[in-house]
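Data block for run-v1.pdb (PDB, C-alpha atoms):
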ATOM      1  CA  GLY V 588      84.720 162.988  63.182
ATOM      2  CA  GLY V 589      84.645 163.042  66.963
ATOM      3  CA  GLY V 590      82.904 161.815  70.084
ATOM      4  CA  GLY V 591      80.472 164.681  70.590
ATOM      5  CA  SER V 592      83.059 167.041  69.188
ATOM      6  CA  THR V 593      85.321 167.256  66.169
ATOM      7  CA  ARG V 594      88.525 165.222  66.055
ATOM      8  CA  ARG V 595      91.864 166.197  64.600
ATOM      9  CA  GLY V 596      95.256 167.364  65.861
ATOM     10  CA  GLY V 597      96.605 165.455  68.833
ATOM     11  CA  GLY V 598      99.719 163.959  70.345
ATOM     12  CA  GLY V 599      99.127 164.653  74.042
ATOM     13  CA  ARG V 600     101.249 167.814  74.032
ATOM     14  CA  SER V 601     101.025 171.048  76.010
ATOM     15  CA  PHE V 602     100.387 174.193  74.000
ATOM     16  CA  ALA V 603     101.317 177.847  74.106
ATOM     17  CA  ALA V 604      99.135 180.607  72.702
ATOM     18  CA  GLY V 605     100.306 183.191  70.222
ATOM     19  CA  ALA V 606      98.088 185.991  68.935
ATOM     20  CA  LEU V 607      98.175 186.459  65.170
ATOM     21  CA  GLY V 608      96.328 189.750  64.963
ATOM     22  CA  GLY V 609      92.993 190.970  63.675
ATOM     23  CA  GLY V 610      90.684 193.752  64.758
ATOM     24  CA  ALA V 611      89.952 196.988  63.007
ATOM     25  CA  GLY V 612      91.884 196.729  59.742
ATOM     26  CA  ASN V 613      90.336 197.523  56.354
ATOM     27  CA  GLY V 614      87.455 199.511  57.783
ATOM     28  CA  ALA V 615      86.239 196.824  60.205
ATOM     29  CA  ARG V 616      85.178 197.577  63.760
ATOM     30  CA  LEU V 617      87.534 196.722  66.607
ATOM     31  CA  GLY V 618      87.018 193.123  67.598
ATOM     32  CA  ASP V 619      85.372 192.120  64.307
ATOM     33  CA  PHE V 620      87.836 189.270  63.833
ATOM     34  CA  ALA V 621      90.924 187.760  65.434
ATOM     35  CA  ALA V 622      93.098 184.653  65.393
ATOM     36  CA  LEU V 623      94.886 182.682  68.077
ATOM     37  CA  GLU V 624      97.303 179.880  67.228
ATOM     38  CA  LEU V 625      97.924 177.131  69.767
ATOM     39  CA  GLN V 626     101.254 175.442  69.199
ATOM     40  CA  ALA V 627     103.064 172.639  70.976
ATOM     41  CA  ARG V 628     105.587 173.941  73.505
ATOM     42  CA  ASP V 629     108.212 171.621  72.084
ATOM     43  CA  GLY V 630     107.898 173.487  68.783
ATOM     44  CA  SER V 631     106.490 170.578  66.790
ATOM     45  CA  PRO V 632     105.229 172.126  63.514
ATOM     46  CA  GLU V 633     102.630 169.376  63.026
ATOM     47  CA  GLN V 634     100.857 169.986  66.334
ATOM     48  CA  ARG V 635      98.984 173.262  65.893
ATOM     49  CA  LEU V 636      95.416 174.470  66.295
ATOM     50  CA  LEU V 637      94.069 177.749  64.935
ATOM     51  CA  VAL V 638      91.191 179.425  66.804
ATOM     52  CA  LEU V 639      89.451 182.126  64.746
ATOM     53  CA  THR V 640      86.836 184.570  66.025
ATOM     54  CA  LEU V 641      84.321 186.481  63.914
ATOM     55  CA  ASP V 642      81.703 189.007  65.021
ATOM     56  CA  THR V 643      78.386 187.934  63.457
ATOM     57  CA  SER V 644      76.152 189.940  65.787
ATOM     58  CA  MET V 645      75.033 192.164  62.877
ATOM     59  CA  LEU V 646      73.910 189.045  60.911
ATOM     60  CA  GLU V 647      76.330 189.973  58.127
ATOM     61  CA  VAL V 648      79.892 189.129  57.092
ATOM     62  CA  SER V 649      81.804 192.007  55.504
ATOM     63  CA  SER V 650      84.413 191.684  52.776
ATOM     64  CA  ALA V 651      87.110 192.642  55.293
ATOM     65  CA  GLN V 652      86.016 189.926  57.706
ATOM     66  CA  ALA V 653      85.870 187.310  54.948
ATOM     67  CA  GLU V 654      89.298 188.257  53.637
ATOM     68  CA  PHE V 655      90.879 187.839  57.067
ATOM     69  CA  ILE V 656      89.278 184.441  57.687
ATOM     70  CA  TRP V 657      90.262 183.166  54.223
ATOM     71  CA  GLU V 658      93.861 184.279  54.696
ATOM     72  CA  GLN V 659      94.052 182.325  57.933
ATOM     73  CA  LEU V 660      92.336 179.178  56.647
ATOM     74  CA  ALA V 661      94.493 179.187  53.505
ATOM     75  CA  ARG V 662      97.464 178.380  55.773
ATOM     76  CA  GLY V 663      96.088 174.851  56.117
ATOM     77  CA  VAL V 664      96.315 174.709  59.920
ATOM     78  CA  PRO V 665      93.462 172.755  61.599
ATOM     79  CA  ALA V 666      91.014 175.423  62.737
ATOM     80  CA  ILE V 667      87.882 176.178  64.749
ATOM     81  CA  LEU V 668      85.750 179.262  64.093
ATOM     82  CA  VAL V 669      84.059 180.965  67.064
ATOM     83  CA  VAL V 670      81.045 183.245  66.462
ATOM     84  CA  HIS V 671      78.087 184.584  68.442
ATOM     85  CA  VAL V 672      75.192 184.256  65.983
ATOM     86  CA  PRO V 673      75.248 180.865  64.194
ATOM     87  CA  PHE V 674      75.258 180.563  60.414
ATOM     88  CA  MET V 675      72.293 179.326  58.416
ATOM     89  CA  LEU V 676      74.006 176.314  56.864
ATOM     90  CA  PRO V 677      71.960 174.844  53.997
ATOM     91  CA  GLY V 678      71.146 171.216  54.610
ATOM     92  CA  ALA V 679      72.203 171.333  58.246
ATOM     93  CA  THR V 680      70.542 174.204  60.154
ATOM     94  CA  PRO V 681      66.767 173.811  60.706
ATOM     95  CA  GLN V 682      64.896 176.047  58.232
ATOM     96  CA  ASP V 683      62.043 176.632  60.705
ATOM     97  CA  ASN V 684      64.411 178.112  63.286
ATOM     98  CA  LYS V 685      62.632 180.815  65.290
ATOM     99  CA  HIS V 686      65.790 182.955  65.230
ATOM    100  CA  VAL V 687      67.034 184.767  62.130
ATOM    101  CA  LEU V 688      70.671 183.735  61.741
ATOM    102  CA  CYS V 689      73.700 184.992  59.845
ATOM    103  CA  GLY V 690      73.175 184.226  56.155
ATOM    104  CA  ASP V 691      69.466 183.628  56.729
ATOM    105  CA  PRO V 692      67.240 184.460  53.718
ATOM    106  CA  ARG V 693      64.713 185.948  56.154
ATOM    107  CA  TYR V 694      67.167 188.698  57.071
ATOM    108  CA  GLY V 695      65.766 191.914  55.596
ATOM    109  CA  PHE V 696      63.434 194.843  56.070
ATOM    110  CA  GLU V 697      60.184 192.853  55.965
ATOM    111  CA  GLY V 698      61.517 190.113  58.222
ATOM    112  CA  ASP V 699      62.580 192.450  61.019
ATOM    113  CA  THR V 700      59.906 192.389  63.724
ATOM    114  CA  GLY V 701      62.057 193.395  66.688
ATOM    115  CA  TRP V 702      63.739 196.633  65.669
ATOM    116  CA  GLN V 703      61.416 198.877  67.684
ATOM    117  CA  VAL V 704      61.626 196.744  70.817
ATOM    118  CA  GLU V 705      65.413 196.584  70.559
ATOM    119  CA  GLY V 706      65.750 200.287  69.760
ATOM    120  CA  ARG V 707      67.912 199.897  66.643
ATOM    121  CA  GLU V 708      67.778 200.560  62.934
ATOM    122  CA  ARG V 709      65.612 198.244  60.883
ATOM    123  CA  TRP V 710      67.362 195.627  58.779
ATOM    124  CA  PRO V 711      68.175 196.773  55.229
ATOM    125  CA  ARG V 712      65.638 196.295  52.424
ATOM    126  CA  GLY V 713      68.188 194.502  50.312
ATOM    127  CA  GLY V 714      69.055 191.974  53.029
ATOM    128  CA  ALA V 715      72.634 190.920  53.709
ATOM    129  CA  PRO V 716      75.442 192.068  51.396
ATOM    130  CA  ALA V 717      76.652 189.663  48.714
ATOM    131  CA  ALA V 718      79.829 189.088  50.732
ATOM    132  CA  THR V 719      77.808 187.192  53.340
ATOM    133  CA  GLN V 720      76.488 184.606  50.909
ATOM    134  CA  ARG V 721      79.873 184.213  49.236
ATOM    135  CA  PHE V 722      81.432 183.682  52.659
ATOM    136  CA  LEU V 723      79.034 180.845  53.504
ATOM    137  CA  GLU V 724      79.511 179.190  50.119
ATOM    138  CA  ASP V 725      83.302 179.284  50.426
ATOM    139  CA  LEU V 726      83.107 178.147  54.045
ATOM    140  CA  VAL V 727      81.309 174.946  53.058
ATOM    141  CA  ARG V 728      82.820 174.177  49.646
ATOM    142  CA  ARG V 729      86.444 175.262  50.033
ATOM    143  CA  PHE V 730      87.518 175.390  53.660
ATOM    144  CA  ALA V 731      85.361 172.937  55.622
ATOM    145  CA  VAL V 732      86.579 169.386  56.209
ATOM    146  CA  PRO V 733      87.202 167.185  54.305
ATOM    147  CA  HIS V 734      88.159 169.775  51.661
ATOM    148  CA  GLY V 735      89.900 172.225  54.002
ATOM    149  CA  PRO V 736      91.165 172.746  57.570
ATOM    150  CA  LEU V 737      87.987 174.117  59.223
ATOM    151  CA  MET V 738      86.687 171.444  61.597
ATOM    152  CA  GLY V 739      83.878 173.203  63.394
ATOM    153  CA  VAL V 740      81.996 176.360  64.338
ATOM    154  CA  LEU V 741      81.245 177.225  67.978
ATOM    155  CA  SER V 742      78.262 179.549  68.427
ATOM    156  CA  GLY V 743      75.549 180.687  70.825
ATOM    157  CA  HIS V 744      72.843 183.387  70.623
ATOM    158  CA  GLU V 745      69.884 181.010  70.397
ATOM    159  CA  HIS V 746      70.069 179.786  73.996
ATOM    160  CA  THR V 747      69.618 176.185  72.878
ATOM    161  CA  HIS V 748      71.791 173.093  72.463
ATOM    162  CA  ARG V 749      72.155 171.799  68.899
ATOM    163  CA  ALA V 750      74.683 170.402  66.421
ATOM    164  CA  ASP V 751      74.288 171.284  62.728
ATOM    165  CA  VAL V 752      76.185 168.600  60.799
ATOM    166  CA  LEU V 753      77.326 168.834  57.188
ATOM    167  CA  GLY V 754      78.303 165.213  56.774
ATOM    168  CA  LYS V 755      77.576 161.859  58.397
ATOM    169  CA  THR V 756      76.764 161.064  62.019
ATOM    170  CA  TRP V 757      77.117 157.691  63.676
ATOM    171  CA  THR V 758      77.118 156.403  67.264
ATOM    172  CA  THR V 759      80.048 154.798  69.048
ATOM    173  CA  PRO V 760      79.591 151.239  70.383
ATOM    174  CA  PRO V 761      78.298 150.820  73.942
ATOM    175  CA  LEU V 762      80.541 150.125  76.890
ATOM    176  CA  ARG V 763      81.487 146.455  77.006
ATOM    177  CA  VAL V 764      81.827 144.525  80.243
ATOM    178  CA  THR V 765      83.592 141.157  80.251
ATOM    179  CA  CYS V 766      83.817 138.931  83.312
ATOM    180  CA  GLN V 767      86.028 135.979  84.209
ATOM    181  CA  GLY V 768      84.868 133.335  86.660
ATOM    182  CA  GLY V 769      86.878 131.401  89.198
ATOM    183  CA  ASP V 770      87.594 131.736  92.883
ATOM    184  CA  GLN V 771      87.961 135.511  92.466
ATOM    185  CA  PRO V 772      85.627 136.643  89.655
ATOM    186  CA  ARG V 773      86.775 139.795  87.939
ATOM    187  CA  CYS V 774      85.009 142.070  85.484
ATOM    188  CA  GLU V 775      86.617 144.513  83.086
ATOM    189  CA  ARG V 776      85.044 147.452  81.322
ATOM    190  CA  ARG V 777      86.139 148.311  77.819
ATOM    191  CA  ALA V 778      85.178 151.532  76.085
ATOM    192  CA  ALA V 779      84.759 152.052  72.361
ATOM    193  CA  SER V 780      87.823 151.795  70.159
ATOM    194  CA  ASP V 781      90.056 154.742  69.203
ATOM    195  CA  GLY V 782      89.589 156.368  72.610
ATOM    196  CA  LEU V 783      86.015 157.511  71.894
ATOM    197  CA  TYR V 784      83.375 157.684  74.592
ATOM    198  CA  PRO V 785      80.696 154.944  74.397
ATOM    199  CA  ASN V 786      77.177 155.680  73.093
ATOM    200  CA  GLN V 787      78.143 159.123  71.822
ATOM    201  CA  PRO V 788      77.498 160.705  68.406
ATOM    202  CA  VAL V 789      80.457 160.967  66.053
ATOM    203  CA  HIS V 790      80.230 163.639  63.362
ATOM    204  CA  GLU V 791      82.209 163.324  60.145
ATOM    205  CA  GLY V 792      82.394 166.676  58.371
ATOM    206  CA  LEU V 793      81.857 170.273  59.414
ATOM    207  CA  VAL V 794      79.824 170.698  62.590
ATOM    208  CA  GLN V 795      78.304 173.925  63.921
ATOM    209  CA  TYR V 796      77.707 173.638  67.659
ATOM    210  CA  VAL V 797      75.062 175.869  69.257
ATOM    211  CA  THR V 798      75.197 176.083  73.046
ATOM    212  CA  HIS V 799      72.871 177.137  75.846
ATOM    213  CA  ALA V 800      73.448 180.506  77.507
ATOM    214  CA  ALA V 801      76.410 180.595  79.886
ATOM    215  CA  CYS V 802      74.297 182.485  82.434
ATOM    216  CA  ASP V 803      72.153 179.334  82.685
ATOM    217  CA  GLY V 804      75.174 177.062  82.962
ATOM    218  CA  GLY V 805      75.373 176.222  79.265
ATOM    219  CA  HIS V 806      78.786 175.063  78.082
ATOM    220  CA  ARG V 807      80.604 172.579  75.870
ATOM    221  CA  LEU V 808      83.803 170.641  76.378
ATOM    222  CA  VAL V 809      85.543 170.472  73.006
ATOM    223  CA  GLU V 810      88.123 167.758  72.544
ATOM    224  CA  VAL V 811      90.298 167.874  69.418
ATOM    225  CA  ARG V 812      91.984 164.639  68.408
ATOM    226  CA  ASP V 813      94.059 163.398  65.503
ATOM    227  CA  ALA V 814      91.949 161.356  63.067
ATOM    228  CA  ARG V 815      94.864 160.540  60.767
ATOM    229  CA  PRO V 816      96.567 157.122  60.866
ATOM    230  CA  LEU V 817      98.391 156.940  64.169
ATOM    231  CA  ARG V 818     102.133 156.326  64.446
ATOM    232  CA  GLY V 819     101.849 155.851  68.176
ATOM    233  CA  PRO V 820      99.491 156.501  71.126
ATOM    234  CA  ALA V 821      97.482 159.717  70.759
ATOM    235  CA  SER V 822      95.642 161.688  73.393
ATOM    236  CA  PRO V 823      93.461 164.844  73.393
ATOM    237  CA  LEU V 824      95.052 168.259  73.015
TER     238      LEU V 824
END

Please render this file's structure as structure tokens.
Amino acid sequence: GGGGSTRRGGGGRSFAAGALGGGAGNGARLGDFAALELQARDGSPEQRLLVLTLDTSMLEVSSAQAEFIWEQLARGVPAILVVHVPFMLPGATPQDNKHVLCGDPRYGFEGDTGWQVEGRERWPRGGAPAATQRFLEDLVRRFAVPHGPLMGVLSGHEHTHRADVLGKTWTTPPLRVTCQGGDQPRCERRAASDGLYPNQPVHEGLVQYVTHAACDGGHRLVEVRDARPLRGPASPL
């Protein structure tokens, strides 16, 4: 879960980036996929975060792309997946979405109304390859929290602000103000427990965040925290 973002990892450490590879292997186009591991500078093996990128601009996921993502997630390191076009997540993404998304059943020859305007080939008659549907099924059933290490998906494309939640959502308690009387009255503000922001949604499970266009100022601040039982004070990564 998390206060407006997904929580896991933690310890208040500084991190160094290390590229793990990706790109054009196995017949994929350059930039189709990549991985970046953030690790604590003190070398702590428990404090790591894996950032994976996947090109979904063609509304399909190839076998090569899926294989790379599965190899990375199988390592068990807490991970976030970054894509451009969001996934159509059953039970989470609105079915009446005006945009055709990756894994969307509307993706196909008859559903393509913009190919002439965009000056590209029309979508295939058979829709997305089988690898796309298998990828989404494995993403949800095998690798998404609480079953696996994938905490969230960061996406854009739609130029809107939305969170698709596969799990439960609850709201943190409001900010509490307590006052003491006397000659010098004093008031104290207390936020919600566990370091969460007051009156904010907390999502438990996989969350796909869709964000407004950056050219219009759209952005998200993602805070990753450790949701496991704490052995001492924890702070955001």

Selection as a list in words: residues within 7 Å of (83.4, 143.5, 86.7), counting all atoms listed in the file: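 I get Val764, Thr765, Cys766, Arg773, Cys774, Glu775 and Arg776 of chain V for the residues within 7 Å of that point.
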
Residue neighbourhood range 696-711 of chain V, 12 Å, all atoms listed in the file, exclusion window fewer than 5 positions, as an mmCIF file with C-alpha atoms, keeping the file's coordinate frame:
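Wrote out.cif, looks like this:
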data_model
loop_
_atom_site.group_PDB
_atom_site.id
_atom_site.type_symbol
_atom_site.label_atom_id
_atom_site.label_comp_id
_atom_site.auth_asym_id
_atom_site.auth_seq_id
_atom_site.Cartn_x
_atom_site.Cartn_y
_atom_site.Cartn_z
ATOM 1 C CA MET V 645 75.033 192.164 62.877
ATOM 2 C CA LEU V 646 73.910 189.045 60.911
ATOM 3 C CA GLU V 647 76.330 189.973 58.127
ATOM 4 C CA LYS V 685 62.632 180.815 65.290
ATOM 5 C CA HIS V 686 65.790 182.955 65.230
ATOM 6 C CA VAL V 687 67.034 184.767 62.130
ATOM 7 C CA LEU V 688 70.671 183.735 61.741
ATOM 8 C CA ASP V 691 69.466 183.628 56.729
ATOM 9 C CA PRO V 716 75.442 192.068 51.396
#

Separation of CA of Tyr796 in chain V from CA of Gly739 in chain V in Å: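 These two atoms are separated by 7.5 Å.
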
Computed interatomic separation between CA of Ala800 in chain V and CA of Asp683 in chain V (Å): 20.7 Å

Test item: which residues lie within 10 Å of (78.0, 167.5, 58.1) counting all atoms listed in the file, as a PyMOL selection string: chain V and resi 588+676+678-679+727+731-733+739+750-756+790-795

Atom-to-atom span, CA of Pro785 in chain V and CA of Val811 in chain V, Å: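 CA of Val811 in chain V lies at a distance of 16.9 Å from CA of Pro785 in chain V.
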
Residue neighbourhood Leu641 in chain V, 10 Å, all atoms listed in the file, exclusion window fewer than 4 positions, as a list in words: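 Counting only the stated atoms, we get Gly609, Gly610, Gly618, Asp619, Phe620, Ala621, Ala622, Val648, Gln652, Ala653, Phe655, Ile656, Leu668, Val669, Val670, His671 and Val672 of chain V.
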
Selection under test: the PyMOL selection byres ((chain V and resi 725) around 12); residues as a list in words: Ala653, Glu654, Ile656, Trp657, Leu660, Ala661, Leu676, Ala718, Thr719, Gln720, Arg721, Phe722, Leu723, Glu724, Leu726, Val727, Arg728, Arg729, Phe730, Ala731, Val732, His734, Gly735 and Leu737 of chain V

V:Ala666, V:Ala651, V:Ala715, V:Ala801 ranked by distance to Pro736 in chain V, top pick (using all atoms listed in the file):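 Under the stated criterion, the closest residue is V:Ala666.
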